[in-house]
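These notes are about the structure you will find just below.
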Amino acid sequence: MTRRTVMKAWHFVATGEPLRPVELPDPVAGPGQVVVDVRAAGLCHTDISFMNGEVPGMPSHLPIVLGHEIAGVVAELGAGVTGFAVGERVGIAPVLHDGPGVGRDGGYAERALAQVDELVPVPAGVDYAQAAAATDAGATAYHAVSAVGEVAGGSRVGVIGLGGLGQIGARVAVLLGGEVHVTDVRAELATTADLLGAASFTTDAGRFAGLDLDVVFDFAGVGTTRLALSAARPGGRVVQVGAGRPETTISIVDLVVRRLELRGTLGATKEDLVAVYALLASGALDPVISTVGFDAIPDGLERLRRGEAEGRTVAVR
């Protein structure tokens, strides 16, 4: 069998420029590395922030193939790799500072290079689109709710933004025993909130601010931190997950007088991804995922930019 030598990919070449279709040399696995045939790659708002130049120092270099939510099949093992086999289904956990789509070429390509320490087996019953979305959106939301927000049985929980991460965060909070209240500007998401097990849904920020919540998660980050602070009870906590805008304003009076705690969170651990895969495999977690073809990745990112994406968007091959 003749080994393939080139792959199709989408290149990010400069701030403000659209992704460009290119052909690149196939990655080759070095010691401790594997090559993964990409079957699905999640589209994340972070990629849009990268393309806008809103995250200083990230990605680490240009040009680069973006895409940090990756699931696929092990295609090649480097020297010294144990515990995985060619043909095994895996997700690439974005746990390293030089991970795919940030420090090296990512998942908007036919193949991606991974360190063996980044790999997490995908269990039976979890499809590639779910597995890809779980690597960042799923694990990040899970970590935010369980570890940073410390949601437990009886917690009164607020969720701002029922997008790709918010829907997962809301469901995880329900599964942890929280009484979950959701707000989003899109009235049609009331049905989604109900399916997730939320106790209430509103598009009215005033009503949401009157709920006296123990912990509020802002999964939107589009000037919504002020709303989160106003909705938390005195002595409560706000967890900032979304960063839809690089800056915002908050009420110092709310923060100080009502003794609120404001925490930021980014990313997750491999253990969080394992936990999310288990929830997906059990059927307890079934997020809304919209799929596009790999040739439609730029269009998918543009829809995400405009706020038109339903749930999490994943490119599937």
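In the structure tokens, chains take letters A, B, ... by order of appearance, with residues numbered from 1 within each chain and ligands from 1 in the order shown.
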How close does region 114-161 of chain A get to region 13-32 of chain A? List, as CSV, each residue of region 114-161 of chain A within 12 Å, its nearest atom pair and the distance in Å to one decimal, counting only C-alpha atoms.
```
residue,atom,partner,partner_atom,distance
A:Ala114,CA,A:Ala29,CA,8.2
A:Gln115,CA,A:Gly32,CA,6.1
A:Val116,CA,A:Gly32,CA,5.8
A:Asp117,CA,A:Gly32,CA,8.2
A:Glu118,CA,A:Gly32,CA,10.5
A:Leu119,CA,A:Gly32,CA,11.2
```
Task: Spatial neighbours of region 87-103 of chain A, 8 Å, only C-alpha atoms, chain gap at least 3 places, as a VMD selection string - done: chain A and resid 58 to 61 64 to 75 84 106 to 107 112 to 114 118 to 122 131 to 132 135 to 136 267 to 270 273
Open item on the list: Report, in Å with one decimal, the straight-line distance from CA of Arg259 (chain A) to CA of Gly235 (chain A).
Closed with: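 The value is 5.0 Å.
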Sorted by chain and rising residue number, list the residues of region 60-168 of chain A at most 8 Å from region 281-289 of chain A (counting only C-alpha atoms), each with its closest atom pair and distance in Å to one decimal, as a Markdown table.
```
| residue | atom | partner | partner_atom | distance |
| --- | --- | --- | --- | --- |
| A:Pro123 | CA | A:Ala281 | CA | 6.6 |
| A:Ala124 | CA | A:Ala281 | CA | 6.8 |
| A:Gly125 | CA | A:Ala281 | CA | 5.4 |
| A:Val126 | CA | A:Ala281 | CA | 5.5 |
| A:Ala129 | CA | A:Ile289 | CA | 7.5 |
| A:Gln130 | CA | A:Ile289 | CA | 7.5 |
| A:Gly164 | CA | A:Val288 | CA | 7.7 |
| A:Gln167 | CA | A:Pro287 | CA | 6.7 |
| A:Ile168 | CA | A:Pro287 | CA | 6.3 |
```
Would you mind exporting the chosen residues as a short mmCIF file (atom, residue, chain, number, x, y, z; two decimals), in the first residue's frame, restricted to C-alpha atoms?
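Contents of again29.cif, freshly written:
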```
data_model
loop_
_atom_site.label_atom_id
_atom_site.label_comp_id
_atom_site.auth_asym_id
_atom_site.auth_seq_id
_atom_site.Cartn_x
_atom_site.Cartn_y
_atom_site.Cartn_z
CA PRO A 123 -16.59 4.69 24.32
CA ALA A 124 -19.11 2.71 22.34
CA GLY A 125 -22.34 4.57 21.72
CA VAL A 126 -20.67 7.97 21.39
CA ALA A 129 -19.55 14.54 16.43
CA GLN A 130 -20.39 14.09 20.12
CA GLY A 164 -22.95 25.07 22.64
CA GLN A 167 -26.77 23.63 27.08
CA ILE A 168 -24.16 21.17 28.39
#
```
Task: Separation of CA of Asp37 (chain A) from CA of Gly80 (chain A) in Å - done: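 For CA of Gly80 (chain A) relative to CA of Asp37 (chain A), the distance reads 19.7 Å.
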Considering only C-alpha atoms, give me a table of residues in region 187-264 of chain A that are at most 12 Å from region 137-150 of chain A, with the closest atom pair and distance in Å for each, as JSON lines.
```
{"residue": "A:Asp214", "atom": "CA", "partner": "A:Gly149", "partner_atom": "CA", "distance": 9.5}
{"residue": "A:Val215", "atom": "CA", "partner": "A:Gly149", "partner_atom": "CA", "distance": 6.6}
{"residue": "A:Val216", "atom": "CA", "partner": "A:Gly149", "partner_atom": "CA", "distance": 8.2}
{"residue": "A:Phe217", "atom": "CA", "partner": "A:Gly149", "partner_atom": "CA", "distance": 7.8}
{"residue": "A:Asp218", "atom": "CA", "partner": "A:Ala144", "partner_atom": "CA", "distance": 10.3}
{"residue": "A:Phe219", "atom": "CA", "partner": "A:Ala141", "partner_atom": "CA", "distance": 8.6}
{"residue": "A:Gly236", "atom": "CA", "partner": "A:Gly149", "partner_atom": "CA", "distance": 10.3}
{"residue": "A:Arg237", "atom": "CA", "partner": "A:Gly149", "partner_atom": "CA", "distance": 7.5}
{"residue": "A:Val238", "atom": "CA", "partner": "A:Gly149", "partner_atom": "CA", "distance": 7.8}
{"residue": "A:Val239", "atom": "CA", "partner": "A:Gly149", "partner_atom": "CA", "distance": 6.4}
{"residue": "A:Gln240", "atom": "CA", "partner": "A:Ala144", "partner_atom": "CA", "distance": 8.7}
{"residue": "A:Val241", "atom": "CA", "partner": "A:Ala144", "partner_atom": "CA", "distance": 7.2}
{"residue": "A:Gly242", "atom": "CA", "partner": "A:Ala141", "partner_atom": "CA", "distance": 10.0}
{"residue": "A:Glu261", "atom": "CA", "partner": "A:Gly149", "partner_atom": "CA", "distance": 10.5}
{"residue": "A:Leu262", "atom": "CA", "partner": "A:Gly149", "partner_atom": "CA", "distance": 10.2}
{"residue": "A:Arg263", "atom": "CA", "partner": "A:Val148", "partner_atom": "CA", "distance": 7.6}
{"residue": "A:Gly264", "atom": "CA", "partner": "A:Val148", "partner_atom": "CA", "distance": 8.4}
```
Write to file, as an mmCIF file, in the first residue's frame, the residues of the selection just made, with N, CA and C atoms.
```cif
data_model
loop_
_atom_site.group_PDB
_atom_site.id
_atom_site.type_symbol
_atom_site.label_atom_id
_atom_site.label_comp_id
_atom_site.auth_asym_id
_atom_site.auth_seq_id
_atom_site.Cartn_x
_atom_site.Cartn_y
_atom_site.Cartn_z
ATOM 1 N N ASP A 214 -27.777 30.802 43.913
ATOM 2 C CA ASP A 214 -26.534 30.512 44.638
ATOM 3 C C ASP A 214 -25.314 30.704 43.747
ATOM 4 N N VAL A 215 -25.413 30.244 42.510
ATOM 5 C CA VAL A 215 -24.299 30.349 41.569
ATOM 6 C C VAL A 215 -24.861 30.605 40.181
ATOM 7 N N VAL A 216 -24.234 31.512 39.455
ATOM 8 C CA VAL A 216 -24.676 31.868 38.102
ATOM 9 C C VAL A 216 -23.516 31.665 37.146
ATOM 10 N N PHE A 217 -23.781 30.958 36.059
ATOM 11 C CA PHE A 217 -22.778 30.703 35.028
ATOM 12 C C PHE A 217 -23.094 31.568 33.809
ATOM 13 N N ASP A 218 -22.130 32.402 33.430
ATOM 14 C CA ASP A 218 -22.293 33.206 32.221
ATOM 15 C C ASP A 218 -21.563 32.495 31.087
ATOM 16 N N PHE A 219 -22.325 31.779 30.273
ATOM 17 C CA PHE A 219 -21.752 31.070 29.142
ATOM 18 C C PHE A 219 -21.745 31.931 27.878
ATOM 19 N N GLY A 236 -23.224 35.030 47.007
ATOM 20 C CA GLY A 236 -23.222 34.005 45.961
ATOM 21 C C GLY A 236 -22.009 34.108 45.054
ATOM 22 N N ARG A 237 -22.043 33.284 44.026
ATOM 23 C CA ARG A 237 -20.882 33.140 43.148
ATOM 24 C C ARG A 237 -21.302 33.294 41.695
ATOM 25 N N VAL A 238 -20.433 33.939 40.903
ATOM 26 C CA VAL A 238 -20.590 34.033 39.455
ATOM 27 C C VAL A 238 -19.385 33.374 38.810
ATOM 28 N N VAL A 239 -19.639 32.495 37.849
ATOM 29 C CA VAL A 239 -18.569 31.827 37.112
ATOM 30 C C VAL A 239 -18.624 32.293 35.670
ATOM 31 N N GLN A 240 -17.564 32.955 35.228
ATOM 32 C CA GLN A 240 -17.487 33.466 33.865
ATOM 33 C C GLN A 240 -16.831 32.430 32.969
ATOM 34 N N VAL A 241 -17.588 31.919 32.000
ATOM 35 C CA VAL A 241 -17.089 30.909 31.077
ATOM 36 C C VAL A 241 -16.973 31.495 29.674
ATOM 37 N N GLY A 242 -18.022 32.161 29.218
ATOM 38 C CA GLY A 242 -18.044 32.718 27.874
ATOM 39 C C GLY A 242 -17.235 34.000 27.770
ATOM 40 N N GLU A 261 -18.676 36.600 44.730
ATOM 41 C CA GLU A 261 -17.425 36.004 44.274
ATOM 42 C C GLU A 261 -17.495 35.831 42.767
ATOM 43 N N LEU A 262 -16.509 36.337 42.045
ATOM 44 C CA LEU A 262 -16.454 36.228 40.589
ATOM 45 C C LEU A 262 -15.257 35.374 40.204
ATOM 46 N N ARG A 263 -15.525 34.251 39.547
ATOM 47 C CA ARG A 263 -14.476 33.329 39.134
ATOM 48 C C ARG A 263 -14.468 33.185 37.617
ATOM 49 N N GLY A 264 -13.288 33.133 37.047
ATOM 50 C CA GLY A 264 -13.145 32.827 35.625
ATOM 51 C C GLY A 264 -12.631 31.416 35.466
#
```
Task: Residue list (helix (DSSP H, G or I), DSSP) for region 83-195 of chain A, as an MDAnalysis selection string - done: chainID A and resid 116:118 128:148 166:175 187:195
Open item on the list: With only C-alpha atoms as the counted atoms, please give the residues lying no more than 9 Å from region 251-253 of chain A, apart from itself and same-chain residues fewer than 2 positions off, as a list in words.
Closed with: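 Skipping anything fewer than 2 positions along the chain leaves Arg226, Leu229, Ser230, Thr249, Leu255, Val256, Val257 and Arg258 of chain A.
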Only N, CA and C atoms, please: the residues just picked out, written as a PDB file, in the first residue's frame.
```pdb
ATOM      1  N   ARG A 226     -22.668  41.583  33.981  1.00  0.00           N
ATOM      2  CA  ARG A 226     -23.452  42.438  34.885  1.00  0.00           C
ATOM      3  C   ARG A 226     -24.759  41.751  35.285  1.00  0.00           C
ATOM      4  N   LEU A 229     -24.049  39.009  37.872  1.00  0.00           N
ATOM      5  CA  LEU A 229     -23.824  39.545  39.211  1.00  0.00           C
ATOM      6  C   LEU A 229     -25.129  39.976  39.867  1.00  0.00           C
ATOM      7  N   SER A 230     -26.034  40.546  39.083  1.00  0.00           N
ATOM      8  CA  SER A 230     -27.307  41.004  39.646  1.00  0.00           C
ATOM      9  C   SER A 230     -28.220  39.849  40.020  1.00  0.00           C
ATOM     10  N   THR A 249     -18.410  45.668  31.194  1.00  0.00           N
ATOM     11  CA  THR A 249     -18.483  46.477  32.402  1.00  0.00           C
ATOM     12  C   THR A 249     -19.330  45.741  33.426  1.00  0.00           C
ATOM     13  N   LEU A 255     -20.855  43.760  43.257  1.00  0.00           N
ATOM     14  CA  LEU A 255     -19.751  42.884  43.635  1.00  0.00           C
ATOM     15  C   LEU A 255     -19.337  43.081  45.091  1.00  0.00           C
ATOM     16  N   VAL A 256     -19.234  44.347  45.510  1.00  0.00           N
ATOM     17  CA  VAL A 256     -18.710  44.654  46.839  1.00  0.00           C
ATOM     18  C   VAL A 256     -19.790  44.606  47.916  1.00  0.00           C
ATOM     19  N   VAL A 257     -20.877  45.349  47.708  1.00  0.00           N
ATOM     20  CA  VAL A 257     -21.904  45.470  48.744  1.00  0.00           C
ATOM     21  C   VAL A 257     -22.569  44.127  49.016  1.00  0.00           C
ATOM     22  N   ARG A 258     -22.760  43.324  47.945  1.00  0.00           N
ATOM     23  CA  ARG A 258     -23.433  42.035  48.129  1.00  0.00           C
ATOM     24  C   ARG A 258     -22.437  40.892  48.297  1.00  0.00           C
TER      25      ARG A 258
END
```
- [ ] Would you mind telling me which residue in A:Met7, A:Leu43, A:Ala152, A:Ile160 lies nearest to Gly223 (chain A) when using only C-alpha atoms?
- [x]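 Under the stated criterion, the closest residue is A:Ile160.
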TODO: Tell me, in Å to one decimal, how far CA of Arg245 (chain A) is from CA of Gly221 (chain A).
DONE: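 According to the coordinates, CA of Arg245 (chain A) and CA of Gly221 (chain A) are separated by 6.1 Å.
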Open item on the list: Considering only C-alpha atoms, can you say which of A:Leu77, A:Arg306, A:Glu179, A:Gly311 comes closest to Thr192 (chain A)?
Closed with: A:Gly311
